[in-house]
Amino acid sequence: MTRERLAGAVRAALGGGRRLEAMERVAGGSRKGVYRLVMDDATTAIAYVWDDTENYWPAAEGDDDLTDPFSPGLGLDLFEAAHARLDALGVRVPAIRLVDREGAHCPAGLAIVEDVPGENLEELLARDPRAAAPVMARLREALEAMRRHRAPAYGKVAVVDGGGTSRGTSCEGVVLDRAQRDLAEAAARDVRIAGARDRLEERLLSLAAAVRPRAEFAVVHGELGPDHVRVDAGGNPVMIDVEGLMYFDVEWEHVFLRIRLHDAYRPLEADGLDRDRLALYMLAQRLSLTAGPLRLLDGDFPHRAVMAGIAEYNLKQALDPG
């Protein structure tokens, strides 16, 4: 994405005769381009660009199947639906300054949103856990607001709110199918997983068989790691990378939070979570966090050591959860 293409968009978004002075790609985005835009008066904004040239992931069958809750959260429509749902629930998300779906400023889907400068939650927890405590308390409140909002169907928010139907018959069934695919992919890329494939398959089937049916679903971010939570000047958590927002089992969110936060997860613990779902989803996410990074390394993703480390850690946890 070039500075010239974004200059008109950010001028329209921020107004006031401002001129784009500088832009830089923000680290971390793997499926869309994320750029910090700096105007000549030091005003800043963030540009999201959804385009194939900004996506580091190798293309896979089913990527564009929105009825699959776990298909990639790509595109402006998913972003707008997710943003609207979270905003309606009182969950802080970056304010939208401009949306361009007609190609007026950019041939790809484009959104200009509020920049939330400063630290993300991951950085704050590492620097000063005591200062992070009120942010974690507010994040817990946001998660409770998401949990209280129930839907009678599971799937991407854009699909369900639009009256659509997702594939499969249950959250646990969708998770099992995905985990079996991730297991096959990981086994094809690592001999240790290949050697334990039958044992892991049996564990998945056994854990899935213990899960009881459920008829209502909560709002979950889907990948709510501390790097997806910015901290604004008032100490409020701000959720970003929200395109994957879905109605699903709340246990899916809490397993991901446990994996990413380790001991720092404790302030976010929720009552009444289903132990059987937690067990199934923990193994499924370990396999996903093995297969996904290994798949990403097939392409030209630049931060290779980080992804290799994620895959190795979760591979060992899947084989020997301890």
# chains A, B, ... in the order shown; residues from 1 in each chain; ligands from 1

call {"tool": "select_by_dssp", "arguments": {"residues": "region 41-264 of chain A", "states": "strand (DSSP E or B)", "output": "number ranges by chain"}}
result
A: 44-50, 96-100, 109-114, 120, 150-151, 155-156, 217-220, 229-231, 237-239, 246-248

call {"tool": "select_by_dssp", "arguments": {"residues": "region 36-125 of chain A", "states": "helix (DSSP H, G or I)", "output": "list in words"}}
result
Asp52, Thr53, Glu54, Leu76, Asp77, Leu78, Phe79, Glu80, Ala81, Ala82, His83, Ala84, Arg85, Leu86, Asp87, Ala88, Leu121, Glu122, Glu123, Leu124 and Leu125 of chain A

call {"tool": "closest_residue", "arguments": {"among": "A:Phe248, A:Ser30, A:Gly17, A:Leu121", "to": "His303 (chain A)", "atoms": "only C-alpha atoms"}}
result
A:Ser30

call {"tool": "residues_around", "arguments": {"residues": "Leu245 (chain A)", "least_positions_apart": "6", "cutoff": "7 Å", "atoms": "only C-alpha atoms", "output": "PDB file with N, CA, C and O atoms, in the first residue's frame"}}
result
ATOM      1  N   ALA A  82     -18.849  -6.909  13.081  1.00  0.00           N
ATOM      2  CA  ALA A  82     -18.247  -7.163  14.386  1.00  0.00           C
ATOM      3  C   ALA A  82     -18.140  -5.878  15.199  1.00  0.00           C
ATOM      4  O   ALA A  82     -18.443  -5.848  16.401  1.00  0.00           O
ATOM      5  N   LYS A 156     -20.254 -16.770  12.564  1.00  0.00           N
ATOM      6  CA  LYS A 156     -19.757 -15.409  12.476  1.00  0.00           C
ATOM      7  C   LYS A 156     -20.904 -14.426  12.711  1.00  0.00           C
ATOM      8  O   LYS A 156     -22.033 -14.633  12.247  1.00  0.00           O
ATOM      9  N   VAL A 157     -20.621 -13.353  13.419  1.00  0.00           N
ATOM     10  CA  VAL A 157     -21.653 -12.360  13.718  1.00  0.00           C
ATOM     11  C   VAL A 157     -22.301 -11.849  12.439  1.00  0.00           C
ATOM     12  O   VAL A 157     -23.526 -11.692  12.366  1.00  0.00           O
ATOM     13  N   VAL A 220     -18.041 -14.011  21.194  1.00  0.00           N
ATOM     14  CA  VAL A 220     -16.626 -14.223  21.497  1.00  0.00           C
ATOM     15  C   VAL A 220     -15.767 -13.584  20.406  1.00  0.00           C
ATOM     16  O   VAL A 220     -16.135 -13.579  19.234  1.00  0.00           O
ATOM     17  N   HIS A 221     -14.645 -13.037  20.826  1.00  0.00           N
ATOM     18  CA  HIS A 221     -13.699 -12.433  19.885  1.00  0.00           C
ATOM     19  C   HIS A 221     -13.063 -13.497  19.003  1.00  0.00           C
ATOM     20  O   HIS A 221     -12.916 -13.326  17.801  1.00  0.00           O
ATOM     21  N   GLY A 222     -12.673 -14.616  19.637  1.00  0.00           N
ATOM     22  CA  GLY A 222     -12.105 -15.733  18.890  1.00  0.00           C
ATOM     23  C   GLY A 222     -10.602 -15.861  19.006  1.00  0.00           C
ATOM     24  O   GLY A 222     -10.075 -16.972  19.051  1.00  0.00           O
TER      25      GLY A 222
END

call {"tool": "closest_residue", "arguments": {"among": "A:Ala284, A:Ala210, A:Ala132, A:Ala9", "to": "Pro107 (chain A)", "atoms": "only C-alpha atoms"}}
result
A:Ala9

call {"tool": "closest_residue", "arguments": {"among": "A:Arg150, A:Arg277, A:Arg197, A:Arg266", "to": "Glu185 (chain A)", "atoms": "only C-alpha atoms"}}
result
A:Arg197

call {"tool": "residues_around", "arguments": {"residues": "Ala279 (chain A)", "least_positions_apart": "2", "cutoff": "10 Å", "atoms": "only C-alpha atoms", "output": "list in words"}}
result
Leu204, Leu207, Ala208, Ala210, Val211, Glu251, Val255, Asp274, Arg275, Asp276, Arg277, Tyr281, Met282, Leu283 and Ala284 of chain A

call {"tool": "atom_distance", "arguments": {"atom1": "CA of Asp177 (chain A)", "atom2": "CA of Asp241 (chain A)"}}
result
24.6 Å

call {"tool": "closest_residue", "arguments": {"among": "A:Ala179, A:Val242, A:Leu297, A:Ala188", "to": "Leu74 (chain A)", "atoms": "only C-alpha atoms"}}
result
A:Val242

call {"tool": "residues_around", "arguments": {"residues": "Ile46 (chain A)", "least_positions_apart": "4", "cutoff": "6 Å", "atoms": "only C-alpha atoms", "output": "PyMOL selection string"}}
result
chain A and resi 35-37+112-113+115

call {"tool": "atom_distance", "arguments": {"atom1": "CA of Asn120 (chain A)", "atom2": "CA of Asn314 (chain A)"}}
result
23.0 Å
